[in-house]
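Heads up, model-v6.cif below (mmCIF, C-alpha atoms and all ligand atoms):
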```cif
data_start
loop_
_atom_site.group_PDB
_atom_site.id
_atom_site.type_symbol
_atom_site.label_atom_id
_atom_site.label_comp_id
_atom_site.auth_asym_id
_atom_site.auth_seq_id
_atom_site.Cartn_x
_atom_site.Cartn_y
_atom_site.Cartn_z
ATOM 1 C CA MET H 5 98.347 30.819 135.895
ATOM 2 C CA ILE H 6 97.367 31.376 132.276
ATOM 3 C CA ILE H 7 96.107 28.513 130.102
ATOM 4 C CA ALA H 8 95.800 29.436 126.418
ATOM 5 C CA GLY H 9 95.098 27.684 123.143
ATOM 6 C CA PRO H 10 92.440 26.964 120.547
ATOM 7 C CA CYS H 11 88.971 25.712 121.375
ATOM 8 C CA ALA H 12 89.637 22.611 119.275
ATOM 9 C CA ILE H 13 92.494 20.722 117.724
ATOM 10 C CA GLU H 14 91.618 21.119 114.052
ATOM 11 C CA SER H 15 94.824 19.782 112.510
ATOM 12 C CA ARG H 16 98.438 19.137 113.496
ATOM 13 C CA ASP H 17 99.520 22.274 111.636
ATOM 14 C CA GLN H 18 96.957 24.586 113.247
ATOM 15 C CA THR H 19 97.721 23.232 116.730
ATOM 16 C CA PHE H 20 101.495 23.557 116.315
ATOM 17 C CA ARG H 21 101.170 27.129 114.972
ATOM 18 C CA ILE H 22 99.117 28.178 118.001
ATOM 19 C CA ALA H 23 101.303 26.235 120.445
ATOM 20 C CA LYS H 24 104.293 28.195 119.132
ATOM 21 C CA LEU H 25 102.488 31.476 119.900
ATOM 22 C CA VAL H 26 101.619 30.252 123.372
ATOM 23 C CA LYS H 27 105.172 29.064 124.071
ATOM 24 C CA GLU H 28 106.623 32.390 122.903
ATOM 25 C CA SER H 29 104.313 34.253 125.297
ATOM 26 C CA GLY H 30 106.244 32.672 128.182
ATOM 27 C CA ILE H 31 103.401 30.737 129.809
ATOM 28 C CA THR H 32 103.344 27.047 130.725
ATOM 29 C CA TYR H 33 99.882 25.675 129.962
ATOM 30 C CA PHE H 34 98.298 24.939 126.574
ATOM 31 C CA ARG H 35 94.617 24.072 126.121
ATOM 32 C CA ALA H 36 92.909 22.414 123.146
ATOM 33 C CA GLY H 37 89.922 20.108 122.794
ATOM 34 C CA ALA H 38 90.095 16.702 121.105
ATOM 35 C CA TYR H 39 86.553 15.662 122.090
ATOM 36 C CA LYS H 40 84.192 18.613 121.645
ATOM 37 C CA PRO H 41 80.790 18.627 123.363
ATOM 38 C CA ARG H 42 78.970 20.689 120.685
ATOM 39 C CA THR H 43 75.411 21.949 121.008
ATOM 40 C CA SER H 44 74.612 20.722 117.502
ATOM 41 C CA PRO H 45 75.475 17.190 116.355
ATOM 42 C CA TYR H 46 75.998 18.568 112.836
ATOM 43 C CA THR H 47 79.048 20.693 113.745
ATOM 44 C CA PHE H 48 82.722 19.671 114.103
ATOM 45 C CA GLN H 49 83.007 17.158 116.947
ATOM 46 C CA GLY H 50 86.810 17.147 117.332
ATOM 47 C CA LEU H 51 89.651 15.001 116.009
ATOM 48 C CA GLU H 52 89.259 12.642 118.973
ATOM 49 C CA ARG H 53 92.087 10.071 119.262
ATOM 50 C CA GLU H 54 94.164 11.725 116.558
ATOM 51 C CA GLY H 55 93.818 15.004 118.484
ATOM 52 C CA LEU H 56 95.200 13.394 121.647
ATOM 53 C CA GLU H 57 98.296 12.347 119.741
ATOM 54 C CA VAL H 58 98.763 15.889 118.445
ATOM 55 C CA LEU H 59 98.551 17.180 122.029
ATOM 56 C CA ALA H 60 101.135 14.686 123.268
ATOM 57 C CA ASP H 61 103.433 15.814 120.436
ATOM 58 C CA VAL H 62 102.886 19.499 121.285
ATOM 59 C CA SER H 63 103.966 18.750 124.820
ATOM 60 C CA LYS H 64 107.180 17.057 123.604
ATOM 61 C CA GLU H 65 107.991 19.675 120.965
ATOM 62 C CA PHE H 66 107.363 22.826 123.026
ATOM 63 C CA GLY H 67 107.668 21.637 126.624
ATOM 64 C CA LEU H 68 104.160 22.973 127.333
ATOM 65 C CA LYS H 69 101.834 21.310 129.835
ATOM 66 C CA THR H 70 98.555 20.345 128.209
ATOM 67 C CA VAL H 71 94.907 20.591 129.259
ATOM 68 C CA THR H 72 92.042 18.819 127.489
ATOM 69 C CA GLU H 73 88.438 17.896 128.172
ATOM 70 C CA ILE H 74 87.151 14.423 128.994
ATOM 71 C CA THR H 75 83.579 13.814 127.893
ATOM 72 C CA ASP H 76 83.220 10.072 128.268
ATOM 73 C CA ALA H 77 84.027 7.779 131.202
ATOM 74 C CA ASP H 78 85.192 5.053 128.786
ATOM 75 C CA LEU H 79 87.940 7.335 127.458
ATOM 76 C CA ILE H 80 89.441 8.462 130.770
ATOM 77 C CA ASP H 81 92.507 6.207 130.701
ATOM 78 C CA GLU H 82 93.328 7.039 127.144
ATOM 79 C CA VAL H 83 92.924 10.805 127.570
ATOM 80 C CA ALA H 84 94.887 10.779 130.836
ATOM 81 C CA ARG H 85 97.825 9.040 129.140
ATOM 82 C CA HIS H 86 98.157 11.877 126.608
ATOM 83 C CA VAL H 87 97.822 15.094 128.663
ATOM 84 C CA ASP H 88 98.804 16.698 131.977
ATOM 85 C CA VAL H 89 95.545 18.229 133.236
ATOM 86 C CA LEU H 90 92.049 16.749 132.773
ATOM 87 C CA GLN H 91 89.217 19.193 132.118
ATOM 88 C CA ILE H 92 85.591 18.506 132.984
ATOM 89 C CA GLY H 93 83.339 20.752 130.913
ATOM 90 C CA THR H 94 80.315 22.738 131.996
ATOM 91 C CA ARG H 95 77.943 20.125 130.526
ATOM 92 C CA ASN H 96 79.478 17.343 132.614
ATOM 93 C CA MET H 97 79.916 19.100 135.953
ATOM 94 C CA ALA H 98 76.998 17.123 137.361
ATOM 95 C CA ASN H 99 77.910 13.835 135.677
ATOM 96 C CA TYR H 100 78.707 12.201 139.000
ATOM 97 C CA ALA H 101 79.688 8.825 137.542
ATOM 98 C CA LEU H 102 82.301 10.611 135.412
ATOM 99 C CA LEU H 103 83.497 12.669 138.401
ATOM 100 C CA LYS H 104 83.930 9.538 140.527
ATOM 101 C CA LYS H 105 85.893 7.732 137.813
ATOM 102 C CA ILE H 106 88.135 10.732 137.155
ATOM 103 C CA GLY H 107 88.650 11.175 140.899
ATOM 104 C CA ASP H 108 89.624 7.544 141.255
ATOM 105 C CA LEU H 109 92.061 7.520 138.328
ATOM 106 C CA THR H 110 93.718 10.842 139.201
ATOM 107 C CA SER H 111 94.141 9.814 142.839
ATOM 108 C CA ARG H 112 96.637 7.334 141.368
ATOM 109 C CA THR H 113 98.121 9.416 138.504
ATOM 110 C CA HIS H 114 98.233 12.663 140.581
ATOM 111 C CA GLN H 115 96.967 14.706 137.626
ATOM 112 C CA PRO H 116 95.142 17.958 138.408
ATOM 113 C CA VAL H 117 91.488 18.193 137.360
ATOM 114 C CA LEU H 118 90.077 21.453 135.989
ATOM 115 C CA LEU H 119 86.395 21.504 136.916
ATOM 116 C CA LYS H 120 84.245 23.995 135.050
ATOM 117 C CA ARG H 121 81.112 25.321 136.704
ATOM 118 C CA GLY H 122 77.882 23.975 135.226
ATOM 119 C CA PHE H 123 76.211 26.871 133.433
ATOM 120 C CA SER H 124 73.037 26.286 135.445
ATOM 121 C CA SER H 125 74.705 25.270 138.695
ATOM 122 C CA THR H 126 74.907 27.128 141.964
ATOM 123 C CA ILE H 127 78.281 27.662 143.601
ATOM 124 C CA GLU H 128 77.315 25.134 146.284
ATOM 125 C CA GLU H 129 76.520 22.470 143.664
ATOM 126 C CA TRP H 130 79.833 23.201 141.969
ATOM 127 C CA LEU H 131 81.834 22.900 145.212
ATOM 128 C CA LEU H 132 80.078 19.616 146.004
ATOM 129 C CA ALA H 133 80.922 18.369 142.496
ATOM 130 C CA ALA H 134 84.575 19.172 143.295
ATOM 131 C CA GLU H 135 84.256 17.058 146.434
ATOM 132 C CA TYR H 136 83.411 14.008 144.314
ATOM 133 C CA ILE H 137 87.000 14.301 143.072
ATOM 134 C CA THR H 138 88.711 15.342 146.293
ATOM 135 C CA SER H 139 86.891 12.659 148.299
ATOM 136 C CA ALA H 140 88.039 10.054 145.774
ATOM 137 C CA GLY H 141 91.590 10.939 146.817
ATOM 138 C CA ASN H 142 92.731 13.729 144.478
ATOM 139 C CA PRO H 143 93.085 17.080 146.256
ATOM 140 C CA SER H 144 94.284 18.840 143.071
ATOM 141 C CA VAL H 145 91.111 20.366 141.703
ATOM 142 C CA ILE H 146 91.138 23.723 139.906
ATOM 143 C CA LEU H 147 87.713 25.385 139.806
ATOM 144 C CA CYS H 148 86.821 27.357 136.675
ATOM 145 C CA GLU H 149 84.074 29.972 136.465
ATOM 146 C CA ARG H 150 82.972 30.027 132.814
ATOM 147 C CA GLY H 151 79.688 31.921 132.842
ATOM 148 C CA ILE H 152 76.137 30.988 133.724
ATOM 149 C CA ARG H 153 72.776 31.191 131.943
ATOM 150 C CA THR H 154 70.748 34.292 132.725
ATOM 151 C CA PHE H 155 68.066 36.254 130.847
ATOM 152 C CA GLU H 156 70.798 38.465 129.324
ATOM 153 C CA SER H 157 71.380 37.805 125.627
ATOM 154 C CA ALA H 158 73.980 40.482 124.769
ATOM 155 C CA THR H 159 76.694 38.023 125.770
ATOM 156 C CA ARG H 160 76.908 34.255 125.291
ATOM 157 C CA PHE H 161 76.769 33.605 129.059
ATOM 158 C CA THR H 162 76.978 35.887 132.099
ATOM 159 C CA LEU H 163 80.433 35.660 133.654
ATOM 160 C CA ASP H 164 79.746 35.402 137.377
ATOM 161 C CA LEU H 165 82.716 37.135 138.966
ATOM 162 C CA ASN H 166 80.810 37.085 142.269
ATOM 163 C CA ALA H 167 81.810 33.438 142.380
ATOM 164 C CA ILE H 168 85.456 34.339 143.047
ATOM 165 C CA PRO H 169 85.085 35.954 146.485
ATOM 166 C CA VAL H 170 82.366 33.440 147.392
ATOM 167 C CA VAL H 171 84.629 30.487 146.548
ATOM 168 C CA LYS H 172 87.560 32.133 148.352
ATOM 169 C CA LYS H 173 85.406 32.272 151.482
ATOM 170 C CA LEU H 174 84.134 28.686 151.267
ATOM 171 C CA SER H 175 87.016 26.699 149.801
ATOM 172 C CA ASN H 176 90.791 26.383 149.662
ATOM 173 C CA LEU H 177 90.738 25.281 146.014
ATOM 174 C CA PRO H 178 92.194 27.590 143.378
ATOM 175 C CA ILE H 179 89.704 29.297 141.074
ATOM 176 C CA ILE H 180 90.381 30.428 137.516
ATOM 177 C CA VAL H 181 88.133 32.262 135.052
ATOM 178 C CA ASP H 182 87.238 31.563 131.410
ATOM 179 C CA PRO H 183 86.311 34.911 129.828
ATOM 180 C CA SER H 184 86.134 33.352 126.329
ATOM 181 C CA HIS H 185 83.112 31.127 126.991
ATOM 182 C CA GLY H 186 81.879 33.503 129.689
ATOM 183 C CA THR H 187 81.352 36.356 127.221
ATOM 184 C CA GLY H 188 81.460 34.819 123.729
ATOM 185 C CA HIS H 189 83.184 37.943 122.355
ATOM 186 C CA SER H 190 86.917 38.357 121.790
ATOM 187 C CA ASP H 191 86.797 42.100 122.573
ATOM 188 C CA MET H 192 85.508 41.351 126.070
ATOM 189 C CA VAL H 193 88.251 38.901 126.985
ATOM 190 C CA ILE H 194 90.870 41.445 128.124
ATOM 191 C CA PRO H 195 88.559 43.623 130.272
ATOM 192 C CA MET H 196 86.904 40.628 131.975
ATOM 193 C CA SER H 197 90.271 38.950 132.563
ATOM 194 C CA LYS H 198 91.583 42.085 134.259
ATOM 195 C CA ALA H 199 88.450 42.218 136.387
ATOM 196 C CA ALA H 200 88.896 38.544 137.322
ATOM 197 C CA VAL H 201 92.495 39.123 138.433
ATOM 198 C CA ALA H 202 91.419 42.216 140.386
ATOM 199 C CA CYS H 203 88.869 40.253 142.368
ATOM 200 C CA GLY H 204 91.238 37.455 143.296
ATOM 201 C CA ALA H 205 91.181 34.835 140.525
ATOM 202 C CA ASP H 206 94.183 32.494 140.543
ATOM 203 C CA GLY H 207 94.289 32.255 136.764
ATOM 204 C CA ILE H 208 92.670 32.653 133.367
ATOM 205 C CA ILE H 209 91.906 30.086 130.684
ATOM 206 C CA LEU H 210 91.307 31.612 127.270
ATOM 207 C CA GLU H 211 90.909 30.697 123.632
ATOM 208 C CA VAL H 212 93.577 31.807 121.149
ATOM 209 C CA HIS H 213 93.651 31.109 117.409
ATOM 210 C CA ASP H 214 96.081 32.410 114.796
ATOM 211 C CA ARG H 215 93.194 32.599 112.274
ATOM 212 C CA PRO H 216 90.029 33.102 114.325
ATOM 213 C CA LYS H 217 87.850 33.666 111.238
ATOM 214 C CA GLU H 218 88.733 30.189 110.001
ATOM 215 C CA ALA H 219 88.287 28.437 113.361
ATOM 216 C CA LEU H 220 86.031 25.368 113.294
ATOM 217 C CA CYS H 221 84.815 26.166 116.799
ATOM 218 C CA ASP H 222 84.410 29.372 118.869
ATOM 219 C CA GLY H 223 86.307 31.724 116.508
ATOM 220 C CA LYS H 224 84.289 34.780 117.628
ATOM 221 C CA GLN H 225 85.591 34.519 121.173
ATOM 222 C CA SER H 226 89.197 33.649 120.265
ATOM 223 C CA LEU H 227 92.025 36.183 120.476
ATOM 224 C CA ASP H 228 94.347 36.415 117.468
ATOM 225 C CA ALA H 229 98.142 36.647 117.843
ATOM 226 C CA ASP H 230 98.234 40.435 118.328
ATOM 227 C CA GLU H 231 95.315 40.448 120.741
ATOM 228 C CA PHE H 232 96.940 37.639 122.733
ATOM 229 C CA ALA H 233 100.180 39.628 122.991
ATOM 230 C CA GLU H 234 98.149 42.609 124.267
ATOM 231 C CA PHE H 235 96.325 40.303 126.698
ATOM 232 C CA MET H 236 99.620 39.026 128.123
ATOM 233 C CA SER H 237 100.998 42.525 128.549
ATOM 234 C CA GLN H 238 97.875 43.812 130.338
ATOM 235 C CA ILE H 239 97.524 40.709 132.515
ATOM 236 C CA ARG H 240 101.168 40.909 133.603
ATOM 237 C CA LYS H 241 100.556 44.505 134.739
ATOM 238 C CA MET H 242 97.326 43.584 136.504
ATOM 239 C CA ALA H 243 98.913 40.577 138.225
ATOM 240 C CA GLY H 244 101.818 42.815 139.283
ATOM 241 C CA LEU H 245 99.364 45.163 141.035
ATOM 242 C CA GLU H 246 98.085 42.150 142.971
ATOM 243 C CA GLY H 247 101.650 41.116 143.858
ATOM 244 C CA LYS H 248 101.422 38.008 141.674
ATOM 245 C CA LYS H 249 103.633 36.559 138.958
ATOM 246 C CA VAL H 250 102.240 35.161 135.708
ATOM 247 C CA VAL H 251 103.134 31.554 134.916
HETATM 248 C C1 LIG B 301 85.936 24.505 126.254
HETATM 249 O O1 LIG B 301 86.698 24.847 127.167
HETATM 250 O O2 LIG B 301 86.286 24.445 125.065
HETATM 251 C C2 LIG B 301 84.532 24.225 126.588
HETATM 252 C C3 LIG B 301 83.757 23.479 125.797
HETATM 253 O O3 LIG B 301 84.142 24.825 127.728
HETATM 254 P P1 LIG B 301 82.760 24.752 128.514
HETATM 255 O O4 LIG B 301 82.625 23.340 128.995
HETATM 256 O O5 LIG B 301 82.955 25.760 129.593
HETATM 257 O O6 LIG B 301 81.672 25.149 127.541
HETATM 258 MN MN MN B 302 85.367 26.662 123.120
#
```

Here is the file; what I need is its structure written in the form of structure tokens.
Ligand code: PEP
Ligand code: MN
Amino acid sequence: MIIAGPCAIESRDQTFRIAKLVKESGITYFRAGAYKPRTSPYTFQGLEREGLEVLADVSKEFGLKTVTEITDADLIDEVARHVDVLQIGTRNMANYALLKKIGDLTSRTHQPVLLKRGFSSTIEEWLLAAEYITSAGNPSVILCERGIRTFESATRFTLDLNAIPVVKKLSNLPIIVDPSHGTGHSDMVIPMSKAAVACGADGIILEVHDRPKEALCDGKQSLDADEFAEFMSQIRKMAGLEGKKVV
């Protein structure tokens, strides 16, 4: 399973241009953030409600399934009405009140929840966070390894591929990998994605932008159109070696 799209919805135009690229690549899932949990309060915070409407329109126009992050328990109903899959970001993995509310709502709407690993969380803490959702009645949780904090500063985070075989041993939940946030560098996305597939990941979520230099958020780690085409070709080969099909 490949989930691709920009870090943030910046405008209707930008989102539609990138959605077209994603649709043409033959995959099913489109990601884009409407509510952005930024480190600095002085940077772009997302188009919020307007962004949700753009995502709902992308889904209608292209027939793509959409994934977006929920940052605030008060917005769960509204976000859930506009997208297919609800993402919980690394900064909210241990926000147990949010996990309980999302678990409760999605036990009724049957929407999958993509749960990113907290960047300072152990695998055990992450699996227990997932159980807040499954024990609320929604078994459809997708785990996402997105890099952890270490002393290493050459990359934005350290992508912990060890987590894949560990999770496979301890859990039946699918696990996908985010090499965009995990490395912070677009030129590392293809090699780390191939490595993730080789060690058993069930999917990749990555950032794609048709004009990465102009991106309002995470341009340095976003693949452009040509790089995304190369990514798809290499991932299809890698998945083939593992006896898997790319969706
Ligand atoms: C994102 O997917 O855009 C994002 C903010 O991810 P994370 O929570 O892993 O930083
Ligand atoms: Mn991002």

Checklist entry - Interatomic distance between atom CA of H:Cys11 and atom CA of H:Cys221? => result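 So the answer is 6.2 Å.
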
Checklist entry - What's the 8 Å shell around H:Ile92, counting all atoms listed in the file, without same-chain residues fewer than 3 positions away, as an NGL selection string? => result :H and (73-75 or 96-97 or 117-120)

Next on the checklist: If we count all atoms listed in the file and set the cut-off at 12 Å, which residues sit around H:Ile179, ignoring sequence neighbours fewer than 6 positions away in its own chain? Please answer as an MDAnalysis selection string.
Outcome noted: chainID H and resid 5:6 117:121 127 130:131 134 144:150 165:173 200:201 203:209

Checklist entry - Hey, what's within 10 Å of stretch 249-251 of chain H if we count all atoms listed in the file and toss same-chain stuff fewer than 6 positions away? As number ranges by chain, please? => result H: 5-7, 30-33, 206-207, 236, 239-243

Next on the checklist: If the PyMOL selection byres (((chain H and resi 16) around 12) and not hetatm) were run on this exact file, what residues would it hold? Put them as an MDAnalysis selection string.
Outcome noted: chainID H and resid 12:15 17:23 36 38 51 54:62

Since we have the selection now, will you write its residues out, keeping C-alpha atoms, as a PDB file, keeping the file's coordinate frame?
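Everything below was put into result.pdb:
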```
ATOM      1  CA  ALA H  12      89.637  22.611 119.275  1.00  0.00           C
ATOM      2  CA  ILE H  13      92.494  20.722 117.724  1.00  0.00           C
ATOM      3  CA  GLU H  14      91.618  21.119 114.052  1.00  0.00           C
ATOM      4  CA  SER H  15      94.824  19.782 112.510  1.00  0.00           C
ATOM      5  CA  ASP H  17      99.520  22.274 111.636  1.00  0.00           C
ATOM      6  CA  GLN H  18      96.957  24.586 113.247  1.00  0.00           C
ATOM      7  CA  THR H  19      97.721  23.232 116.730  1.00  0.00           C
ATOM      8  CA  PHE H  20     101.495  23.557 116.315  1.00  0.00           C
ATOM      9  CA  ARG H  21     101.170  27.129 114.972  1.00  0.00           C
ATOM     10  CA  ILE H  22      99.117  28.178 118.001  1.00  0.00           C
ATOM     11  CA  ALA H  23     101.303  26.235 120.445  1.00  0.00           C
ATOM     12  CA  ALA H  36      92.909  22.414 123.146  1.00  0.00           C
ATOM     13  CA  ALA H  38      90.095  16.702 121.105  1.00  0.00           C
ATOM     14  CA  LEU H  51      89.651  15.001 116.009  1.00  0.00           C
ATOM     15  CA  GLU H  54      94.164  11.725 116.558  1.00  0.00           C
ATOM     16  CA  GLY H  55      93.818  15.004 118.484  1.00  0.00           C
ATOM     17  CA  LEU H  56      95.200  13.394 121.647  1.00  0.00           C
ATOM     18  CA  GLU H  57      98.296  12.347 119.741  1.00  0.00           C
ATOM     19  CA  VAL H  58      98.763  15.889 118.445  1.00  0.00           C
ATOM     20  CA  LEU H  59      98.551  17.180 122.029  1.00  0.00           C
ATOM     21  CA  ALA H  60     101.135  14.686 123.268  1.00  0.00           C
ATOM     22  CA  ASP H  61     103.433  15.814 120.436  1.00  0.00           C
ATOM     23  CA  VAL H  62     102.886  19.499 121.285  1.00  0.00           C
TER      24      VAL H  62
END
```

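Proximity ranking of H:Tyr39, H:Tyr100, H:Tyr46, H:Phe232 relative to ligand MN 302 (chain B) places H:Tyr39 first, based on all atoms listed in the file.
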
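With only C-alpha atoms and all ligand atoms as the atoms that count, the residue of H:Arg53, H:Lys224, H:Lys24, H:His185 with the shortest distance to ligand MN 302 (chain B) is H:His185.
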
Item to check | Å distance separating atom CA of H:Glu82 from atom CA of H:Gly122, one decimal place | outcome: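 About the pair atom CA of H:Glu82 and atom CA of H:Gly122: they are 24.3 Å apart.
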
Checklist entry - To one decimal place, how far is atom CA of H:Ser111 from atom CA of H:Asp88 in Å? => result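 Distance reported for this atom pair: 13.7 Å.
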
Checklist entry - Within 12 Å of ligand MN 302 (chain B), counting all atoms listed in the file: which residues, as JSON, numbers by chain? => result {"H": [8, 9, 10, 11, 12, 13, 35, 36, 37, 38, 39, 40, 41, 42, 43, 48, 49, 50, 72, 73, 93, 94, 150, 160, 182, 183, 184, 185, 186, 187, 188, 189, 190, 209, 210, 211, 212, 213, 216, 219, 220, 221, 222, 223, 224, 225, 226, 227]}

Output the selection as a short mmCIF file (atom, residue, chain, number, x, y, z; two decimals), keeping the file's coordinate frame - C-alpha atoms for each residue.
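Result saved to again-v8.cif:
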```cif
data_model
loop_
_atom_site.label_atom_id
_atom_site.label_comp_id
_atom_site.auth_asym_id
_atom_site.auth_seq_id
_atom_site.Cartn_x
_atom_site.Cartn_y
_atom_site.Cartn_z
CA ALA H 8 95.80 29.44 126.42
CA GLY H 9 95.10 27.68 123.14
CA PRO H 10 92.44 26.96 120.55
CA CYS H 11 88.97 25.71 121.38
CA ALA H 12 89.64 22.61 119.28
CA ILE H 13 92.49 20.72 117.72
CA ARG H 35 94.62 24.07 126.12
CA ALA H 36 92.91 22.41 123.15
CA GLY H 37 89.92 20.11 122.79
CA ALA H 38 90.10 16.70 121.10
CA TYR H 39 86.55 15.66 122.09
CA LYS H 40 84.19 18.61 121.64
CA PRO H 41 80.79 18.63 123.36
CA ARG H 42 78.97 20.69 120.68
CA THR H 43 75.41 21.95 121.01
CA PHE H 48 82.72 19.67 114.10
CA GLN H 49 83.01 17.16 116.95
CA GLY H 50 86.81 17.15 117.33
CA THR H 72 92.04 18.82 127.49
CA GLU H 73 88.44 17.90 128.17
CA GLY H 93 83.34 20.75 130.91
CA THR H 94 80.32 22.74 132.00
CA ARG H 150 82.97 30.03 132.81
CA ARG H 160 76.91 34.26 125.29
CA ASP H 182 87.24 31.56 131.41
CA PRO H 183 86.31 34.91 129.83
CA SER H 184 86.13 33.35 126.33
CA HIS H 185 83.11 31.13 126.99
CA GLY H 186 81.88 33.50 129.69
CA THR H 187 81.35 36.36 127.22
CA GLY H 188 81.46 34.82 123.73
CA HIS H 189 83.18 37.94 122.36
CA SER H 190 86.92 38.36 121.79
CA ILE H 209 91.91 30.09 130.68
CA LEU H 210 91.31 31.61 127.27
CA GLU H 211 90.91 30.70 123.63
CA VAL H 212 93.58 31.81 121.15
CA HIS H 213 93.65 31.11 117.41
CA PRO H 216 90.03 33.10 114.32
CA ALA H 219 88.29 28.44 113.36
CA LEU H 220 86.03 25.37 113.29
CA CYS H 221 84.82 26.17 116.80
CA ASP H 222 84.41 29.37 118.87
CA GLY H 223 86.31 31.72 116.51
CA LYS H 224 84.29 34.78 117.63
CA GLN H 225 85.59 34.52 121.17
CA SER H 226 89.20 33.65 120.26
CA LEU H 227 92.02 36.18 120.48
#
```

Item to check | Exercise: H:Asn142 partners within 9 Å, only C-alpha atoms, chain neighbours under 4 positions left out, as an MDAnalysis selection string | outcome: chainID H and resid 107:112 114:117 137:138

Next on the checklist: Please expand the PyMOL selection byres (((chain H and resi 68) around 8) and not hetatm) into the concrete residues it hits in this file, giving the result as a list of chain:residue names.
Outcome noted: H:Lys27, H:Thr32, H:Tyr33, H:Phe34, H:Val62, H:Ser63, H:Lys64, H:Phe66, H:Gly67, H:Lys69, H:Thr70

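Each of H:Glu234, H:Phe123, H:Glu52, H:Glu28 was compared to ligand LIG 301 (chain B) using all atoms listed in the file, and H:Phe123 turns out to be the nearest.
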
Next on the checklist: My list of candidates is H:His86, H:Arg153, H:Lys217, H:Lys105. Which is closest to ligand LIG 301 (chain B) when distances are computed with all atoms listed in the file?
Outcome noted: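 Among the listed residues, H:Arg153 lies closest to ligand LIG 301 (chain B).
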
Item to check | H:Glu65, H:Leu90, H:Asp214, H:Ala133 ranked by distance to H:Leu25, top pick (using all atoms listed in the file) | outcome: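 When distances to H:Leu25 are compared using all atoms listed in the file, the smallest one comes from H:Asp214.
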
Item to check | Nearest to ligand LIG 301 (chain B) by atom-to-atom distance, counting all atoms listed in the file, from H:Thr126, H:Gln238, H:Gln91, H:Asn99 | outcome: H:Gln91

Next on the checklist: Counting all atoms listed in the file, I want the residues whose atoms come within 8 Å of (82.8, 8.6, 134.9) in the file frame, returned as a list of chain:residue names.
Outcome noted: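 It turns out the residues near that spot are H:Asp76, H:Ala77, H:Asp78, H:Ile80, H:Asn99, H:Tyr100, H:Ala101, H:Leu102, H:Leu103, H:Lys104, H:Lys105, H:Ile106.
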
Missing atoms in stretch 27-38 of chain H: fill them in up to N, CA and C atoms and send the result as an mmCIF file, keeping the file's coordinate frame.
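File produced: rebuild_9.cif:
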```
data_model
loop_
_atom_site.group_PDB
_atom_site.id
_atom_site.type_symbol
_atom_site.label_atom_id
_atom_site.label_comp_id
_atom_site.auth_asym_id
_atom_site.auth_seq_id
_atom_site.Cartn_x
_atom_site.Cartn_y
_atom_site.Cartn_z
ATOM 1 N N LYS H 27 103.833 29.264 123.499
ATOM 2 C CA LYS H 27 105.172 29.064 124.071
ATOM 3 C C LYS H 27 105.935 30.387 124.106
ATOM 4 N N GLU H 28 105.875 31.132 122.989
ATOM 5 C CA GLU H 28 106.623 32.390 122.903
ATOM 6 C C GLU H 28 106.101 33.448 123.883
ATOM 7 N N SER H 29 104.868 33.280 124.342
ATOM 8 C CA SER H 29 104.313 34.253 125.297
ATOM 9 C C SER H 29 104.898 34.041 126.700
ATOM 10 N N GLY H 30 105.574 32.904 126.899
ATOM 11 C CA GLY H 30 106.244 32.672 128.182
ATOM 12 C C GLY H 30 105.404 31.932 129.206
ATOM 13 N N ILE H 31 104.208 31.469 128.825
ATOM 14 C CA ILE H 31 103.401 30.737 129.809
ATOM 15 C C ILE H 31 103.641 29.228 129.674
ATOM 16 N N THR H 32 103.025 28.470 130.583
ATOM 17 C CA THR H 32 103.344 27.047 130.725
ATOM 18 C C THR H 32 102.261 26.118 130.192
ATOM 19 N N TYR H 33 101.006 26.582 130.223
ATOM 20 C CA TYR H 33 99.882 25.675 129.962
ATOM 21 C C TYR H 33 99.181 25.961 128.634
ATOM 22 N N PHE H 34 98.949 24.875 127.891
ATOM 23 C CA PHE H 34 98.298 24.939 126.574
ATOM 24 C C PHE H 34 96.987 24.160 126.631
ATOM 25 N N ARG H 35 95.913 24.762 126.165
ATOM 26 C CA ARG H 35 94.617 24.072 126.121
ATOM 27 C C ARG H 35 94.228 23.766 124.679
ATOM 28 N N ALA H 36 93.488 22.706 124.463
ATOM 29 C CA ALA H 36 92.909 22.414 123.146
ATOM 30 C C ALA H 36 92.031 21.179 123.308
ATOM 31 N N GLY H 37 90.868 21.212 122.648
ATOM 32 C CA GLY H 37 89.922 20.108 122.794
ATOM 33 C C GLY H 37 90.066 19.076 121.681
ATOM 34 N N ALA H 38 90.089 17.800 122.079
ATOM 35 C CA ALA H 38 90.095 16.702 121.105
ATOM 36 C C ALA H 38 88.680 16.135 120.963
#
```
